[in-house]
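Asks: CSV, N, CA and C atoms, saved as final_29.csv, coming up:
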```csv
chain,number,residue,atom,x,y,z
V,1300,MET,N,-185.8,-100.9,58.7
V,1300,MET,CA,-185.6,-100.3,60.0
V,1300,MET,C,-186.9,-99.5,60.3
V,1301,ASN,N,-187.5,-99.8,61.5
V,1301,ASN,CA,-188.7,-99.1,61.8
V,1301,ASN,C,-188.4,-98.2,63.0
V,1302,THR,N,-188.4,-96.9,62.7
V,1302,THR,CA,-188.1,-95.9,63.7
V,1302,THR,C,-189.2,-95.7,64.7
V,1303,ASP,N,-190.3,-96.2,64.5
V,1303,ASP,CA,-191.4,-96.1,65.4
V,1303,ASP,C,-191.4,-97.1,66.6
V,1304,THR,N,-190.7,-98.2,66.4
V,1304,THR,CA,-190.7,-99.2,67.5
V,1304,THR,C,-189.6,-99.0,68.5
V,1305,GLY,N,-188.6,-98.1,68.2
V,1305,GLY,CA,-187.5,-97.9,69.2
V,1305,GLY,C,-186.2,-98.5,68.7
V,1306,PRO,N,-185.2,-98.4,69.6
V,1306,PRO,CA,-183.9,-98.9,69.2
V,1306,PRO,C,-183.8,-100.4,69.0
V,1307,ASN,N,-182.9,-100.7,68.1
V,1307,ASN,CA,-182.7,-102.1,67.7
V,1307,ASN,C,-181.2,-102.5,67.9
V,1308,GLY,N,-181.0,-103.6,68.5
V,1308,GLY,CA,-179.6,-104.0,68.7
V,1308,GLY,C,-179.1,-104.0,70.1
V,1309,ASP,N,-177.8,-104.2,70.3
V,1309,ASP,CA,-177.1,-104.2,71.6
V,1309,ASP,C,-176.8,-102.7,72.0
V,1310,LEU,N,-177.1,-102.3,73.2
V,1310,LEU,CA,-176.7,-101.0,73.7
V,1310,LEU,C,-175.2,-101.0,73.9
V,1311,CYS,N,-174.5,-100.1,73.3
V,1311,CYS,CA,-173.0,-100.1,73.3
V,1311,CYS,C,-172.5,-98.9,74.1
V,1312,ILE,N,-173.2,-97.8,74.1
V,1312,ILE,CA,-172.7,-96.6,74.8
V,1312,ILE,C,-173.9,-95.7,75.1
V,1313,ARG,N,-173.8,-95.0,76.2
V,1313,ARG,CA,-174.9,-94.0,76.5
V,1313,ARG,C,-174.2,-92.8,77.1
V,1314,THR,N,-174.5,-91.6,76.6
V,1314,THR,CA,-173.8,-90.4,77.1
V,1314,THR,C,-174.7,-89.2,77.0
V,1315,LEU,N,-174.4,-88.2,77.7
V,1315,LEU,CA,-175.1,-86.9,77.7
V,1315,LEU,C,-174.5,-85.9,76.8
V,1316,ALA,N,-175.2,-85.3,75.9
V,1316,ALA,CA,-174.7,-84.2,75.1
V,1316,ALA,C,-174.5,-83.0,75.9
V,1317,MET,N,-173.3,-82.4,75.9
V,1317,MET,CA,-172.9,-81.3,76.7
V,1317,MET,C,-172.6,-80.0,75.9
V,1318,PRO,N,-172.6,-78.9,76.5
V,1318,PRO,CA,-172.4,-77.6,75.8
V,1318,PRO,C,-171.0,-77.6,75.1
V,1319,ALA,N,-170.0,-78.3,75.6
V,1319,ALA,CA,-168.7,-78.3,74.9
V,1319,ALA,C,-168.8,-79.1,73.6
V,1320,ASP,N,-169.9,-79.8,73.3
V,1320,ASP,CA,-170.0,-80.6,72.1
V,1320,ASP,C,-170.7,-79.9,71.0
V,1321,THR,N,-171.0,-78.6,71.1
V,1321,THR,CA,-171.8,-77.9,70.2
V,1321,THR,C,-171.0,-77.3,69.0
V,1322,ASN,N,-171.7,-77.1,67.9
V,1322,ASN,CA,-171.1,-76.4,66.8
V,1322,ASN,C,-171.4,-74.9,66.9
V,1323,ALA,N,-171.1,-74.1,65.9
V,1323,ALA,CA,-171.3,-72.7,65.9
V,1323,ALA,C,-172.7,-72.3,66.0
V,1324,ASN,N,-173.7,-73.1,65.6
V,1324,ASN,CA,-175.1,-72.8,65.7
V,1324,ASN,C,-175.7,-73.2,67.1
V,1325,GLY,N,-174.9,-73.8,67.9
V,1325,GLY,CA,-175.4,-74.3,69.2
V,1325,GLY,C,-176.0,-75.7,69.3
V,1326,ASP,N,-176.0,-76.3,68.1
V,1326,ASP,CA,-176.5,-77.7,68.1
V,1326,ASP,C,-175.3,-78.6,68.3
V,1327,ILE,N,-175.5,-79.9,68.7
V,1327,ILE,CA,-174.4,-80.8,68.9
V,1327,ILE,C,-173.8,-81.1,67.5
V,1328,PHE,N,-172.4,-81.0,67.5
V,1328,PHE,CA,-171.6,-81.1,66.4
V,1328,PHE,C,-171.7,-82.6,65.8
V,1329,GLY,N,-171.9,-82.7,64.5
V,1329,GLY,CA,-172.1,-84.0,63.9
V,1329,GLY,C,-170.9,-84.9,64.1
V,1330,GLY,N,-169.7,-84.3,64.1
V,1330,GLY,CA,-168.4,-85.0,64.4
V,1330,GLY,C,-168.4,-85.7,65.8
V,1331,TRP,N,-169.0,-85.0,66.7
V,1331,TRP,CA,-169.1,-85.5,68.1
V,1331,TRP,C,-170.0,-86.8,68.1
V,1332,LEU,N,-171.1,-86.7,67.4
V,1332,LEU,CA,-172.0,-87.8,67.3
V,1332,LEU,C,-171.4,-89.0,66.6
V,1333,LEU,N,-170.7,-88.7,65.5
V,1333,LEU,CA,-170.0,-89.7,64.7
V,1333,LEU,C,-169.0,-90.4,65.6
V,1334,SER,N,-168.3,-89.6,66.4
V,1334,SER,CA,-167.2,-90.3,67.3
V,1334,SER,C,-167.9,-91.1,68.4
V,1335,GLN,N,-169.0,-90.7,68.9
V,1335,GLN,CA,-169.7,-91.6,69.9
V,1335,GLN,C,-170.2,-92.9,69.2
V,1336,MET,N,-170.6,-92.8,68.0
V,1336,MET,CA,-171.0,-94.0,67.3
V,1336,MET,C,-169.8,-94.9,67.1
V,1337,ASP,N,-168.7,-94.3,66.7
V,1337,ASP,CA,-167.5,-95.1,66.5
V,1337,ASP,C,-167.0,-95.8,67.7
V,1338,VAL,N,-167.1,-95.1,68.9
V,1338,VAL,CA,-166.7,-95.7,70.1
V,1338,VAL,C,-167.6,-96.9,70.5
V,1339,GLY,N,-168.9,-96.6,70.4
V,1339,GLY,CA,-169.8,-97.7,70.6
V,1339,GLY,C,-169.7,-98.9,69.7
V,1340,GLY,N,-169.5,-98.6,68.4
V,1340,GLY,CA,-169.3,-99.6,67.4
V,1340,GLY,C,-168.0,-100.4,67.7
V,1341,GLY,N,-166.9,-99.7,68.1
V,1341,GLY,CA,-165.7,-100.4,68.4
V,1341,GLY,C,-165.8,-101.3,69.6
V,1342,VAL,N,-166.6,-100.9,70.6
V,1342,VAL,CA,-166.8,-101.8,71.7
V,1342,VAL,C,-167.5,-103.1,71.3
V,1343,PHE,N,-168.5,-102.9,70.4
V,1343,PHE,CA,-169.3,-104.0,69.9
V,1343,PHE,C,-168.4,-104.9,69.0
V,1344,ALA,N,-167.7,-104.3,68.1
V,1344,ALA,CA,-166.8,-105.0,67.2
V,1344,ALA,C,-165.8,-105.9,67.9
V,1345,SER,N,-165.2,-105.3,68.9
V,1345,SER,CA,-164.1,-106.0,69.7
V,1345,SER,C,-164.8,-107.2,70.4
V,1346,LYS,N,-166.0,-107.0,70.9
V,1346,LYS,CA,-166.7,-108.1,71.6
V,1346,LYS,C,-167.0,-109.2,70.7
V,1347,VAL,N,-167.5,-108.9,69.5
V,1347,VAL,CA,-167.8,-109.9,68.5
V,1347,VAL,C,-166.6,-110.6,68.0
V,1348,ALA,N,-165.5,-109.8,67.6
V,1348,ALA,CA,-164.3,-110.4,67.0
V,1348,ALA,C,-163.4,-111.1,68.1
V,1349,LYS,N,-163.7,-110.8,69.3
V,1349,LYS,CA,-162.9,-111.3,70.4
V,1349,LYS,C,-161.4,-110.9,70.3
V,1350,SER,N,-161.2,-109.7,69.8
V,1350,SER,CA,-159.9,-109.1,69.6
V,1350,SER,C,-160.0,-107.6,69.6
V,1351,ARG,N,-158.8,-107.0,69.5
V,1351,ARG,CA,-158.8,-105.5,69.2
V,1351,ARG,C,-159.2,-105.3,67.8
V,1352,THR,N,-159.9,-104.2,67.6
V,1352,THR,CA,-160.4,-103.9,66.2
V,1352,THR,C,-160.1,-102.4,65.9
V,1353,VAL,N,-160.0,-102.1,64.6
V,1353,VAL,CA,-159.8,-100.7,64.2
V,1353,VAL,C,-160.9,-100.4,63.1
V,1354,THR,N,-161.3,-99.1,63.1
V,1354,THR,CA,-162.2,-98.7,62.1
V,1354,THR,C,-161.5,-98.5,60.8
V,1355,VAL,N,-162.1,-99.0,59.7
V,1355,VAL,CA,-161.5,-98.9,58.4
V,1355,VAL,C,-162.4,-98.2,57.4
V,1356,ALA,N,-163.7,-98.1,57.7
V,1356,ALA,CA,-164.7,-97.5,56.8
V,1356,ALA,C,-165.9,-97.1,57.5
V,1357,ILE,N,-166.5,-96.0,57.0
V,1357,ILE,CA,-167.8,-95.6,57.5
V,1357,ILE,C,-168.6,-95.3,56.2
V,1358,GLU,N,-169.8,-95.9,56.1
V,1358,GLU,CA,-170.6,-95.7,54.9
V,1358,GLU,C,-172.1,-95.5,55.3
V,1359,ALA,N,-172.8,-95.0,54.4
V,1359,ALA,CA,-174.2,-94.8,54.5
V,1359,ALA,C,-174.7,-94.1,55.7
V,1360,MET,N,-174.0,-93.1,56.1
V,1360,MET,CA,-174.4,-92.3,57.3
V,1360,MET,C,-175.6,-91.5,57.0
V,1361,ASN,N,-176.6,-91.5,57.9
V,1361,ASN,CA,-177.8,-90.7,57.7
V,1361,ASN,C,-178.0,-89.9,58.9
V,1362,PHE,N,-177.9,-88.6,58.8
V,1362,PHE,CA,-178.2,-87.7,59.9
V,1362,PHE,C,-179.6,-87.3,59.8
V,1363,ARG,N,-180.5,-87.8,60.6
V,1363,ARG,CA,-181.9,-87.6,60.5
V,1363,ARG,C,-182.5,-86.5,61.3
V,1364,LYS,N,-182.0,-86.3,62.5
V,1364,LYS,CA,-182.5,-85.2,63.4
V,1364,LYS,C,-181.4,-84.6,64.2
V,1365,ALA,N,-181.5,-83.4,64.6
V,1365,ALA,CA,-180.5,-82.7,65.4
V,1365,ALA,C,-180.5,-83.2,66.8
V,1366,VAL,N,-179.3,-83.1,67.4
V,1366,VAL,CA,-179.2,-83.5,68.8
V,1366,VAL,C,-178.9,-82.2,69.5
V,1367,TYR,N,-179.5,-82.0,70.7
V,1367,TYR,CA,-179.3,-80.7,71.4
V,1367,TYR,C,-178.6,-81.0,72.8
V,1368,VAL,N,-178.1,-80.0,73.4
V,1368,VAL,CA,-177.5,-80.0,74.7
V,1368,VAL,C,-178.5,-80.6,75.7
V,1369,GLY,N,-178.1,-81.6,76.5
V,1369,GLY,CA,-179.0,-82.2,77.4
V,1369,GLY,C,-179.6,-83.5,77.0
V,1370,ASP,N,-179.6,-83.7,75.6
V,1370,ASP,CA,-180.1,-85.0,75.1
V,1370,ASP,C,-179.3,-86.2,75.6
V,1371,LEU,N,-179.9,-87.3,76.0
V,1371,LEU,CA,-179.3,-88.5,76.4
V,1371,LEU,C,-179.1,-89.3,75.1
V,1372,VAL,N,-177.9,-89.6,74.6
V,1372,VAL,CA,-177.6,-90.2,73.4
V,1372,VAL,C,-177.2,-91.7,73.7
V,1373,SER,N,-177.9,-92.6,73.0
V,1373,SER,CA,-177.5,-94.0,73.1
V,1373,SER,C,-177.2,-94.6,71.8
V,1374,VAL,N,-176.2,-95.4,71.7
V,1374,VAL,CA,-175.8,-96.1,70.4
V,1374,VAL,C,-176.0,-97.6,70.5
V,1375,TYR,N,-176.7,-98.1,69.5
V,1375,TYR,CA,-177.1,-99.5,69.5
V,1375,TYR,C,-176.4,-100.1,68.2
V,1376,ALA,N,-176.0,-101.4,68.3
V,1376,ALA,CA,-175.3,-102.1,67.2
V,1376,ALA,C,-175.9,-103.4,66.8
V,1377,ASN,N,-175.8,-103.7,65.6
V,1377,ASN,CA,-176.2,-105.0,65.0
V,1377,ASN,C,-175.1,-105.4,64.0
V,1378,LEU,N,-174.8,-106.7,64.1
V,1378,LEU,CA,-173.8,-107.2,63.2
V,1378,LEU,C,-174.4,-107.5,61.8
V,1379,VAL,N,-173.8,-106.9,60.8
V,1379,VAL,CA,-174.4,-107.0,59.4
V,1379,VAL,C,-173.6,-108.1,58.6
V,1380,ARG,N,-172.3,-108.1,58.7
V,1380,ARG,CA,-171.5,-109.0,57.9
V,1380,ARG,C,-170.2,-109.3,58.6
V,1381,VAL,N,-169.8,-110.6,58.5
V,1381,VAL,CA,-168.5,-111.0,59.0
V,1381,VAL,C,-167.7,-111.5,57.8
V,1382,GLY,N,-166.5,-110.9,57.5
V,1382,GLY,CA,-165.6,-111.3,56.5
V,1382,GLY,C,-164.4,-112.1,57.1
V,1383,ARG,N,-163.4,-112.3,56.4
V,1383,ARG,CA,-162.2,-113.1,56.9
V,1383,ARG,C,-161.6,-112.3,58.1
V,1384,THR,N,-161.3,-111.0,57.8
V,1384,THR,CA,-160.6,-110.2,58.8
V,1384,THR,C,-161.4,-109.0,59.3
V,1385,SER,N,-162.6,-108.8,58.6
V,1385,SER,CA,-163.4,-107.6,59.0
V,1385,SER,C,-164.8,-107.9,59.3
V,1386,LEU,N,-165.5,-107.0,59.9
V,1386,LEU,CA,-166.9,-107.1,60.2
V,1386,LEU,C,-167.5,-105.7,60.0
V,1387,THR,N,-168.8,-105.8,59.5
V,1387,THR,CA,-169.6,-104.6,59.3
V,1387,THR,C,-170.7,-104.5,60.4
V,1388,VAL,N,-170.8,-103.4,61.0
V,1388,VAL,CA,-171.8,-103.2,62.0
V,1388,VAL,C,-172.7,-102.0,61.7
V,1389,HIS,N,-174.0,-102.3,61.8
V,1389,HIS,CA,-175.0,-101.2,61.6
V,1389,HIS,C,-175.2,-100.5,63.0
V,1390,LEU,N,-175.0,-99.2,63.0
V,1390,LEU,CA,-175.1,-98.5,64.3
V,1390,LEU,C,-176.3,-97.5,64.2
V,1391,GLU,N,-177.0,-97.4,65.3
V,1391,GLU,CA,-178.1,-96.4,65.4
V,1391,GLU,C,-177.8,-95.6,66.6
V,1392,ALA,N,-178.0,-94.3,66.5
V,1392,ALA,CA,-177.9,-93.4,67.6
V,1392,ALA,C,-179.3,-92.8,67.9
V,1393,TRP,N,-179.7,-93.0,69.1
V,1393,TRP,CA,-181.1,-92.5,69.5
V,1393,TRP,C,-180.9,-91.5,70.6
V,1394,ALA,N,-181.8,-90.5,70.6
V,1394,ALA,CA,-181.7,-89.4,71.6
V,1394,ALA,C,-183.0,-89.4,72.4
V,1395,LEU,N,-182.8,-89.1,73.7
V,1395,LEU,CA,-184.0,-88.9,74.5
V,1395,LEU,C,-183.9,-87.5,75.1
V,1396,ARG,N,-184.9,-86.7,74.9
V,1396,ARG,CA,-184.9,-85.3,75.4
V,1396,ARG,C,-185.5,-85.3,76.8
V,1397,ARG,N,-185.0,-84.3,77.5
V,1397,ARG,CA,-185.6,-84.1,78.9
V,1397,ARG,C,-187.1,-83.9,78.8
V,1398,GLY,N,-187.8,-84.5,79.6
V,1398,GLY,CA,-189.3,-84.3,79.7
V,1398,GLY,C,-190.0,-85.2,78.7
V,1399,GLU,N,-189.3,-85.9,77.8
V,1399,GLU,CA,-190.0,-86.8,76.9
V,1399,GLU,C,-189.8,-88.3,77.3
V,1400,GLU,N,-190.8,-89.1,76.9
V,1400,GLU,CA,-190.8,-90.5,77.3
V,1400,GLU,C,-190.2,-91.5,76.3
V,1401,HIS,N,-190.1,-91.1,75.1
V,1401,HIS,CA,-189.6,-92.0,74.0
V,1401,HIS,C,-188.4,-91.4,73.3
V,1402,PRO,N,-187.4,-92.3,73.1
V,1402,PRO,CA,-186.3,-91.8,72.3
V,1402,PRO,C,-186.6,-91.8,70.8
V,1403,PHE,N,-185.8,-91.1,70.0
V,1403,PHE,CA,-186.0,-91.0,68.6
V,1403,PHE,C,-184.7,-91.2,67.9
V,1404,LEU,N,-184.7,-91.7,66.7
V,1404,LEU,CA,-183.5,-92.0,65.9
V,1404,LEU,C,-183.0,-90.7,65.4
V,1405,VAL,N,-181.7,-90.5,65.6
V,1405,VAL,CA,-181.0,-89.3,65.1
V,1405,VAL,C,-180.0,-89.6,64.0
V,1406,THR,N,-179.4,-90.7,64.1
V,1406,THR,CA,-178.3,-91.0,63.1
V,1406,THR,C,-178.2,-92.5,63.0
V,1407,ASP,N,-177.9,-93.0,61.8
V,1407,ASP,CA,-177.5,-94.4,61.7
V,1407,ASP,C,-176.6,-94.6,60.5
V,1408,GLY,N,-175.8,-95.7,60.5
V,1408,GLY,CA,-174.9,-95.9,59.4
V,1408,GLY,C,-174.2,-97.2,59.6
V,1409,ASN,N,-173.4,-97.6,58.6
V,1409,ASN,CA,-172.6,-98.9,58.7
V,1409,ASN,C,-171.2,-98.5,58.8
V,1410,PHE,N,-170.5,-99.2,59.8
V,1410,PHE,CA,-169.1,-99.0,60.1
V,1410,PHE,C,-168.4,-100.4,59.9
V,1411,THR,N,-167.3,-100.4,59.3
V,1411,THR,CA,-166.5,-101.6,59.1
V,1411,THR,C,-165.2,-101.5,60.0
V,1412,TYR,N,-165.0,-102.6,60.7
V,1412,TYR,CA,-163.9,-102.8,61.6
V,1412,TYR,C,-163.0,-103.9,61.1
V,1413,VAL,N,-161.7,-103.9,61.4
V,1413,VAL,CA,-160.8,-105.0,61.1
V,1413,VAL,C,-160.3,-105.5,62.4
V,1414,SER,N,-160.2,-106.8,62.5
V,1414,SER,CA,-159.7,-107.5,63.7
V,1414,SER,C,-158.1,-107.4,63.5
V,1415,ILE,N,-157.4,-107.0,64.6
V,1415,ILE,CA,-156.0,-106.9,64.5
V,1415,ILE,C,-155.3,-107.7,65.6
V,1416,ASP,N,-154.1,-108.1,65.4
V,1416,ASP,CA,-153.3,-108.8,66.4
V,1416,ASP,C,-152.6,-107.8,67.3
V,1417,GLU,N,-151.7,-108.4,68.2
V,1417,GLU,CA,-151.0,-107.5,69.1
V,1417,GLU,C,-149.9,-106.6,68.4
V,1418,HIS,N,-149.7,-106.9,67.1
V,1418,HIS,CA,-148.7,-106.1,66.3
V,1418,HIS,C,-149.4,-105.1,65.4
V,1419,GLY,N,-150.7,-105.1,65.5
V,1419,GLY,CA,-151.5,-104.2,64.6
V,1419,GLY,C,-151.8,-104.7,63.2
V,1420,ARG,N,-151.5,-106.0,63.0
V,1420,ARG,CA,-151.7,-106.6,61.7
V,1420,ARG,C,-153.1,-107.3,61.6
V,1421,PRO,N,-153.8,-107.2,60.5
V,1421,PRO,CA,-155.1,-107.9,60.4
V,1421,PRO,C,-155.0,-109.4,60.7
V,1422,GLN,N,-156.0,-109.9,61.4
V,1422,GLN,CA,-156.1,-111.3,61.7
V,1422,GLN,C,-157.5,-111.8,61.4
V,1423,GLU,N,-157.7,-113.1,61.4
V,1423,GLU,CA,-159.0,-113.6,61.2
V,1423,GLU,C,-160.0,-113.3,62.3
V,1424,VAL,N,-161.2,-113.0,62.0
V,1424,VAL,CA,-162.2,-112.8,63.0
V,1424,VAL,C,-162.6,-114.1,63.6
V,1425,ARG,N,-162.7,-114.1,64.9
V,1425,ARG,CA,-163.0,-115.4,65.6
V,1425,ARG,C,-164.5,-115.4,66.1
V,1426,SER,N,-165.3,-114.7,65.5
V,1426,SER,CA,-166.7,-114.5,65.9
V,1426,SER,C,-167.5,-115.8,65.8
V,1427,THR,N,-168.4,-116.0,66.7
V,1427,THR,CA,-169.4,-117.1,66.6
V,1427,THR,C,-170.8,-116.5,66.6
V,1428,VAL,N,-170.9,-115.1,66.4
V,1428,VAL,CA,-172.1,-114.4,66.3
V,1428,VAL,C,-172.6,-114.4,64.9
V,1429,ALA,N,-173.8,-114.6,64.6
V,1429,ALA,CA,-174.4,-114.6,63.3
V,1429,ALA,C,-174.9,-113.2,62.9
V,1430,PRO,N,-174.6,-112.7,61.7
V,1430,PRO,CA,-175.1,-111.4,61.3
V,1430,PRO,C,-176.6,-111.4,61.2
V,1431,ILE,N,-177.2,-110.2,61.3
V,1431,ILE,CA,-178.6,-110.1,61.1
V,1431,ILE,C,-179.0,-110.3,59.7
V,1432,ALA,N,-180.2,-110.8,59.4
V,1432,ALA,CA,-180.7,-110.9,58.0
V,1432,ALA,C,-180.9,-109.6,57.4
V,1433,THR,N,-180.4,-109.4,56.2
V,1433,THR,CA,-180.6,-108.1,55.5
V,1433,THR,C,-181.4,-108.3,54.3
```
Could I get this structure in the form of structure tokens?
Replies:
Amino acid sequence: MNTDTGPNGDLCIRTLAMPADTNANGDIFGGWLLSQMDVGGGVFASKVAKSRTVTVAIEAMNFRKAVYVGDLVSVYANLVRVGRTSLTVHLEAWALRRGEEHPFLVTDGNFTYVSIDEHGRPQEVRSTVAPIAT
């Protein structure tokens, strides 16, 4: 991953970090950022699986830089692996500060989602999308 070239993958969600999203130190709470990544990843996973999906694992999270109130946060997704009922998605969260021209990577990690049927039971992933080379 080259953090100098900019975001990589499909844009899944873009939101503004607000004062209500801060921790006791006044920075954006890591849990808020994690939830934004999960929402974006869920959108991507459902699109790829062509079904409802649920999060079953989060691994290899890297909190690289702080996010501040007023930052525009964008989450990008790449398909890493497709299993029989699950798929792993690499998510990157990038922030753009007011007055700056280039976003910077703040967080990335791998999220695993399971494709489920209308009864909430795992089902086969129907994806035709190929994972990225790792």
Asks: List every residue of chain V that DSSP, applied to the backbone, labels as strand (DSSP E), and write the result as a PyMOL selection string.
Replies: chain V and resi 1309-1315+1351-1362+1371-1381+1385-1395+1403-1415
Asks: What are the nearest atom pairs, with distances in Å to one decimal, for all residues of region 1377-1407 of chain V that come at most 6.5 Å from region 1337-1361 of chain V, using only N, CA and C atoms, set out by chain and rising residue number as a tab-separated table?
Replies:
```
residue	atom	partner	partner_atom	distance
V:Val1405	C	V:Asn1361	C	5.5
V:Thr1406	CA	V:Asn1361	C	4.4
V:Asp1407	C	V:Asn1361	N	4.0
```
Asks: Counting only C-alpha atoms, what is within 6 Å of Leu1390 (chain V), bar same-chain residues fewer than 6 positions away, as a VMD selection string?
Replies: chain V and resid 1375 to 1376 1407 to 1408
Asks: Could you list, as a PyMOL selection string, every residue within 7 Å of Gln1422 (chain V), counting only N, CA and C atoms and ignoring same-chain residues fewer than 6 positions away?
Replies: chain V and resi 1383-1385+1413-1416
Asks: Rounded to one decimal in Å, what is the spacing between atom C of Leu1395 (chain V) and CA of Leu1378 (chain V)?
Replies: 25.1 Å
Asks: With DSSP run on the backbone, what are the helix (DSSP H, G or I) residues within chain V? I'd like them as a ChimeraX atom specification.
Replies: /V:1318-1320,1329-1348
Asks: Can you tell me how far CA of Arg1363 (chain V) sits from CA of Trp1331 (chain V), in Å to one decimal?
Replies: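 Computed distance, CA of Arg1363 (chain V) to CA of Trp1331 (chain V), equals 15.0 Å.
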Asks: Taking all atoms listed in the file into account, name the residue in V:Tyr1367, V:Phe1403, V:Phe1328, V:Tyr1412 that is nearest to Thr1387 (chain V).
Replies: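 Between V:Tyr1367, V:Phe1403, V:Phe1328, V:Tyr1412, the residue approaching Thr1387 (chain V) most closely is V:Tyr1412.
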Asks: Go through V:Ser1334, V:Val1379, V:Gly1369, V:Ile1327 and flag the residue nearest Arg1396 (chain V), using all atoms listed in the file for the distances.
Replies: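 Closest residue, counting all atoms listed in the file: V:Gly1369.
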Asks: For Pro1430 (chain V), which residue among V:Trp1393, V:Val1381, V:Gly1398, V:Leu1315 is the nearest when counting all atoms listed in the file?
Replies: V:Val1381
